[in-house]
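Enquirer: My structure is in run-v9.csv, and what it holds is CSV, C-alpha atoms:
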chain,number,residue,atom,x,y,z
A,30,MET,CA,43.3,86.8,40.2
A,31,LEU,CA,46.0,86.6,37.5
A,32,GLN,CA,47.6,83.7,39.3
A,33,SER,CA,44.4,81.8,39.6
A,34,THR,CA,43.6,82.3,35.9
A,35,MET,CA,47.1,80.9,34.9
A,36,GLN,CA,46.5,77.9,37.1
A,37,ILE,CA,43.2,77.2,35.5
A,38,SER,CA,44.8,77.5,32.0
A,39,ARG,CA,47.6,75.1,33.0
A,40,LEU,CA,44.9,72.6,34.1
A,41,ALA,CA,42.8,73.1,30.9
A,42,VAL,CA,45.6,72.4,28.5
A,43,PRO,CA,46.1,68.7,29.5
A,44,ILE,CA,42.3,68.2,29.5
A,45,LEU,CA,41.9,69.7,26.0
A,46,SER,CA,44.9,67.7,24.8
A,47,THR,CA,43.3,64.6,26.1
A,48,LEU,CA,40.0,65.4,24.5
A,49,SER,CA,41.7,66.2,21.2
A,50,LEU,CA,43.7,62.9,21.2
A,51,SER,CA,40.5,61.1,22.0
A,52,CYS,CA,38.7,62.6,19.0
A,53,ILE,CA,41.5,61.8,16.7
A,54,SER,CA,41.7,58.2,17.9
A,55,THR,CA,38.0,57.7,17.5
A,56,THR,CA,38.1,59.2,13.9
A,57,THR,CA,41.1,57.1,12.7
A,58,THR,CA,39.8,53.8,14.0
A,59,THR,CA,36.2,54.1,12.6
A,60,THR,CA,35.7,51.4,9.9
A,61,VAL,CA,33.6,52.3,6.9
A,62,ARG,CA,31.6,49.2,6.1
A,63,PRO,CA,30.4,48.6,2.5
A,64,LEU,CA,26.7,49.1,1.9
A,65,MET,CA,26.1,45.5,0.9
A,66,THR,CA,27.7,44.4,4.2
A,67,ILE,CA,25.6,46.7,6.2
A,68,ASN,CA,22.4,45.7,4.4
A,69,LYS,CA,23.3,42.0,4.9
A,70,ALA,CA,23.9,42.5,8.6
A,71,PHE,CA,20.7,44.5,8.9
A,72,SER,CA,18.8,41.8,7.1
A,73,LEU,CA,20.2,39.1,9.3
A,74,ARG,CA,19.0,41.0,12.4
A,75,GLY,CA,15.5,41.0,11.0
A,76,GLY,CA,15.4,44.4,9.4
A,77,ALA,CA,14.3,45.2,5.8
A,78,SER,CA,17.1,45.1,3.2
A,79,SER,CA,17.3,47.5,0.3
A,80,VAL,CA,18.9,44.7,-1.8
A,81,PRO,CA,16.2,42.2,-2.8
A,82,PRO,CA,17.1,38.5,-2.6
A,83,PRO,CA,17.7,36.6,-5.9
A,84,SER,CA,14.4,35.6,-7.5
A,85,THR,CA,13.6,32.0,-8.2
A,86,PRO,CA,12.0,31.3,-11.6
A,87,SER,CA,8.4,30.2,-11.2
A,88,THR,CA,7.2,27.0,-12.8
A,89,PRO,CA,4.1,27.2,-15.0
A,90,SER,CA,1.1,25.5,-13.5
A,91,ASN,CA,0.7,23.3,-16.6
A,92,PHE,CA,4.3,22.2,-16.8
A,93,SER,CA,5.1,18.7,-15.6
A,94,THR,CA,8.6,18.1,-14.2
A,95,THR,CA,8.0,14.3,-14.5
A,96,SER,CA,9.3,12.9,-17.8
A,97,PRO,CA,6.7,10.6,-19.4
A,98,SER,CA,7.6,7.0,-20.2
A,99,TYR,CA,8.3,6.5,-23.9
A,100,GLU,CA,9.8,4.2,-26.5
A,101,THR,CA,11.5,5.0,-29.8
A,102,LEU,CA,10.2,2.8,-32.7
A,103,ALA,CA,11.9,4.6,-35.7
A,104,SER,CA,15.2,6.2,-36.4
A,105,PRO,CA,15.8,9.5,-38.1
A,106,ALA,CA,16.8,9.5,-41.8
A,107,PRO,CA,20.5,9.9,-42.4
A,108,GLY,CA,21.7,13.5,-42.8
A,109,THR,CA,19.0,16.1,-42.2
A,110,PRO,CA,15.5,14.8,-41.9
A,111,PHE,CA,12.8,17.1,-43.2
A,112,HIS,CA,9.7,18.2,-41.2
A,113,TYR,CA,6.3,18.6,-42.9
A,114,ALA,CA,3.1,19.5,-41.2
A,115,PHE,CA,-0.3,19.3,-43.0
A,116,PRO,CA,-4.0,19.7,-42.1
A,117,VAL,CA,-6.5,16.9,-41.8
A,118,HIS,CA,-10.2,16.7,-41.1
A,119,ASP,CA,-10.2,13.5,-39.1
A,120,LEU,CA,-7.3,12.2,-37.0
A,121,THR,CA,-8.7,8.6,-36.8
A,122,LEU,CA,-8.8,8.3,-40.6
A,123,ALA,CA,-5.4,9.9,-40.9
A,124,LYS,CA,-3.9,7.4,-38.4
A,125,LYS,CA,-5.4,4.5,-40.3
A,126,PHE,CA,-4.1,5.8,-43.6
A,127,TYR,CA,-0.6,6.8,-42.6
A,128,SER,CA,0.0,3.9,-40.3
A,129,SER,CA,-1.8,1.0,-42.1
A,130,VAL,CA,-1.6,2.1,-45.8
A,131,LEU,CA,1.7,3.9,-46.0
A,132,GLY,CA,3.3,2.0,-43.1
A,133,CYS,CA,4.5,5.1,-41.2
A,134,VAL,CA,5.6,4.6,-37.6
A,135,GLU,CA,3.7,6.8,-35.2
A,136,GLY,CA,5.6,9.0,-32.8
A,137,ARG,CA,4.3,11.6,-30.5
A,138,SER,CA,0.6,12.5,-30.5
A,139,SER,CA,-2.0,14.5,-28.8
A,140,PRO,CA,-5.8,14.9,-29.2
A,141,LYS,CA,-5.1,17.6,-31.9
A,142,TRP,CA,-2.1,16.2,-33.8
A,143,GLN,CA,0.0,13.1,-34.6
A,144,ASP,CA,3.5,12.8,-35.9
A,145,TYR,CA,4.9,9.9,-38.0
A,146,SER,CA,8.1,8.7,-39.4
A,147,LEU,CA,8.0,8.6,-43.2
A,148,HIS,CA,11.2,6.8,-44.0
A,149,GLY,CA,12.8,8.6,-41.1
A,150,HIS,CA,11.4,12.0,-42.0
A,151,GLN,CA,8.9,13.7,-39.6
A,152,ILE,CA,5.5,14.4,-40.9
A,153,VAL,CA,2.7,15.7,-38.6
A,154,ALA,CA,-1.1,15.6,-39.2
A,155,HIS,CA,-2.9,18.5,-37.5
A,156,TYR,CA,-6.6,18.5,-37.0
A,157,VAL,CA,-8.1,21.7,-38.3
A,158,GLY,CA,-11.9,20.9,-38.4
A,159,PRO,CA,-14.3,18.5,-40.1
A,160,ASP,CA,-14.8,20.7,-43.2
A,161,TYR,CA,-11.2,20.7,-44.4
A,162,ARG,CA,-10.4,19.3,-47.8
A,163,CYS,CA,-7.3,20.2,-49.8
A,164,GLN,CA,-7.8,22.8,-52.5
A,165,ASP,CA,-6.4,21.4,-55.8
A,166,TYR,CA,-4.7,23.2,-58.6
A,167,TYR,CA,-3.2,21.5,-61.6
A,168,ASN,CA,-0.1,21.9,-63.8
A,169,PRO,CA,0.9,19.8,-66.8
A,170,VAL,CA,4.0,17.7,-66.4
A,171,ASP,CA,5.0,15.4,-69.3
A,172,GLY,CA,1.4,14.9,-70.3
A,173,ASP,CA,0.0,14.5,-66.8
A,174,GLU,CA,-2.3,17.0,-65.0
A,175,VAL,CA,-0.3,17.1,-61.8
A,176,PRO,CA,-2.2,18.2,-58.6
A,177,VAL,CA,-0.6,20.9,-56.5
A,178,PRO,CA,0.2,21.2,-53.7
A,179,HIS,CA,1.6,17.8,-53.1
A,180,THR,CA,4.4,16.1,-51.2
A,181,GLY,CA,6.1,12.8,-51.0
A,182,LEU,CA,9.4,11.0,-51.3
A,183,ALA,CA,11.9,9.8,-53.9
A,184,LEU,CA,12.2,6.1,-53.3
A,185,THR,CA,14.3,3.3,-54.7
A,186,LEU,CA,12.8,1.4,-57.6
A,187,GLU,CA,12.1,-1.6,-55.3
A,188,GLU,CA,10.4,0.6,-52.7
A,189,PHE,CA,8.3,2.4,-55.3
A,190,HIS,CA,6.8,-0.8,-56.8
A,191,ALA,CA,6.2,-2.3,-53.3
A,192,LEU,CA,4.4,0.9,-52.2
A,193,ALA,CA,2.3,1.0,-55.4
A,194,GLU,CA,1.1,-2.6,-54.8
A,195,ARG,CA,0.4,-1.8,-51.1
A,196,VAL,CA,-1.7,1.3,-52.1
A,197,ARG,CA,-3.6,-0.6,-54.7
A,198,ASP,CA,-4.3,-3.5,-52.3
A,199,ALA,CA,-5.7,-1.0,-49.8
A,200,GLY,CA,-8.3,0.2,-52.3
A,201,VAL,CA,-6.8,3.7,-52.6
A,202,GLU,CA,-7.6,5.4,-55.9
A,203,PHE,CA,-4.7,6.7,-57.9
A,204,ILE,CA,-5.0,10.2,-59.3
A,205,ILE,CA,-2.1,9.4,-61.6
A,206,GLU,CA,-1.4,5.7,-62.0
A,207,PRO,CA,2.2,4.4,-61.5
A,208,HIS,CA,4.1,4.9,-64.7
A,209,LEU,CA,7.4,5.9,-66.2
A,210,ARG,CA,7.8,9.5,-67.4
A,211,PHE,CA,10.5,11.5,-69.1
A,212,LYS,CA,11.6,8.3,-70.8
A,213,GLY,CA,15.1,8.4,-72.1
A,214,MET,CA,15.8,11.7,-70.5
A,215,PRO,CA,18.2,12.4,-67.6
A,216,GLY,CA,15.2,12.9,-65.3
A,217,GLU,CA,13.6,9.6,-66.2
A,218,GLN,CA,11.5,8.4,-63.3
A,219,TRP,CA,8.6,6.3,-62.0
A,220,THR,CA,5.8,8.3,-60.4
A,221,MET,CA,2.3,7.9,-58.9
A,222,PHE,CA,-0.2,10.3,-57.3
A,223,PHE,CA,-2.9,9.6,-54.8
A,224,LYS,CA,-4.7,11.4,-51.9
A,225,ASP,CA,-5.0,10.9,-48.1
A,226,PRO,CA,-8.5,10.8,-46.6
A,227,SER,CA,-8.5,14.7,-46.2
A,228,GLY,CA,-7.7,15.2,-49.9
A,229,ASN,CA,-4.0,16.0,-49.4
A,230,ASN,CA,-2.0,15.0,-52.6
A,231,LEU,CA,0.9,12.7,-52.3
A,232,GLU,CA,3.5,11.8,-55.0
A,233,PHE,CA,6.0,9.1,-54.7
A,234,LYS,CA,8.6,8.7,-57.3
A,235,ALA,CA,11.7,6.6,-58.1
A,236,MET,CA,14.5,7.9,-60.4
A,237,THR,CA,15.9,5.2,-62.8
A,238,ASN,CA,19.2,6.9,-61.9
A,239,MET,CA,19.1,8.5,-58.5
A,240,ASP,CA,22.2,10.5,-59.2
A,241,ASN,CA,20.1,12.5,-61.7
A,242,LEU,CA,17.6,13.6,-59.1
A,243,PHE,CA,18.9,17.2,-59.5
A,244,ALA,CA,20.1,17.0,-63.1
A,245,LYS,CA,19.9,20.5,-64.5
A,246,TYR,CA,18.4,20.9,-68.0
A,247,ASN,CA,15.4,22.5,-69.8
A,248,VAL,CA,12.3,20.3,-70.2
A,249,GLU,CA,10.0,21.0,-73.1
A,250,ASP,CA,6.3,20.3,-72.3
Hey, can you dump this file as structure tokens for me?

Expert:
Amino acid sequence: MLQSTMQISRLAVPILSTLSLSCISTTTTTTVRPLMTINKAFSLRGGASSVPPPSTPSTPSNFSTTSPSYETLASPAPGTPFHYAFPVHDLTLAKKFYSSVLGCVEGRSSPKWQDYSLHGHQIVAHYVGPDYRCQDYYNPVDGDEVPVPHTGLALTLEEFHALAERVRDAGVEFIIEPHLRFKGMPGEQWTMFFKDPSGNNLEFKAMTNMDNLFAKYNVED
């Protein structure tokens, strides 16, 4: 019996050794694949991946990828052109006034607004309803009751007098007639005030010495 047991033990040792070597070999040759690789492979086989594919930005339904045809009829003013938006009660009247009377070149437009080049500066008329009219306030300046708010440009003397004649020929009423103010002072200038069809106040001026546009001194009313 003892002899048989020893024979069985001698037979079992190689078998166990072989099994042990087999387990070691299997363990050492196992490759640990990264999660991304596994997911990618699983996805390619038709399975569901835990890593979502990159999203593609959606295009708004009202966005056109086709560029509209256009032409450029005016150039920006040198330096930094200003932008001014103002309300109007009628875009057709605004277009006639700013294009025909002031000679502004029209740029972009929509059924609700129009933009223009005012000597290379961008002004935009926005339709706000038929009842709009500018609310005026007044402040005395060198003997004139100046309406505020107002906007405009500092022109050359030649441009100023040409515009004054153009406005007068169009039948536009002056709030303040073209005249020279601050006579003999560093801020001596020509000025005129009038309204657009919506009552917005406009002032155009011309310094007799443009270098003095920002001359700093106290003015006595």

Enquirer: By how many Å are atom CA of A:Leu131 and atom CA of A:His208 apart?

Expert: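 Taking atom CA of A:Leu131 as the start and atom CA of A:His208 as the end point, the length is 18.9 Å.
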
Enquirer: Show which residues sit within 12 Å of stretch 142-153 of chain A, as an MDAnalysis selection string. Count all atoms listed in the file, and ignore same-chain residues fewer than 6 positions away.

Expert: chainID A and resid 101:136 180:185 188 233

Enquirer: For atom CA of A:His190 and atom CA of A:Asp173, quote the distance in Å rounded to one decimal.

Expert: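 Calculated distance between atom CA of A:His190 and atom CA of A:Asp173 is 19.5 Å.
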
Enquirer: For a test of reading the model, state the distance in Å between atom CA of A:His155 and atom CA of A:Val177, rounded to one decimal.

Expert: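 These two atoms are separated by 19.3 Å.
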
Enquirer: Skip A:Asn238 itself and residues of its chain fewer than 2 positions away, then list as a PyMOL selection string all residues within 9 Å of it, counting only C-alpha atoms.

Expert: chain A and resi 215-218+235-236+240-242

Enquirer: I'd like to know which of A:Ser227, A:Met214, A:Trp219, A:Lys141 is closest to A:Asp165, using all atoms listed in the file.

Expert: A:Ser227

Enquirer: Go through A:Glu206, A:Asp198, A:Glu249, A:Glu100 one by one, measure the shortest atom-to-atom distance of each to A:Glu232 using only C-alpha atoms, and give the residue with the smallest value.

Expert: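 Closest candidate: A:Glu206.
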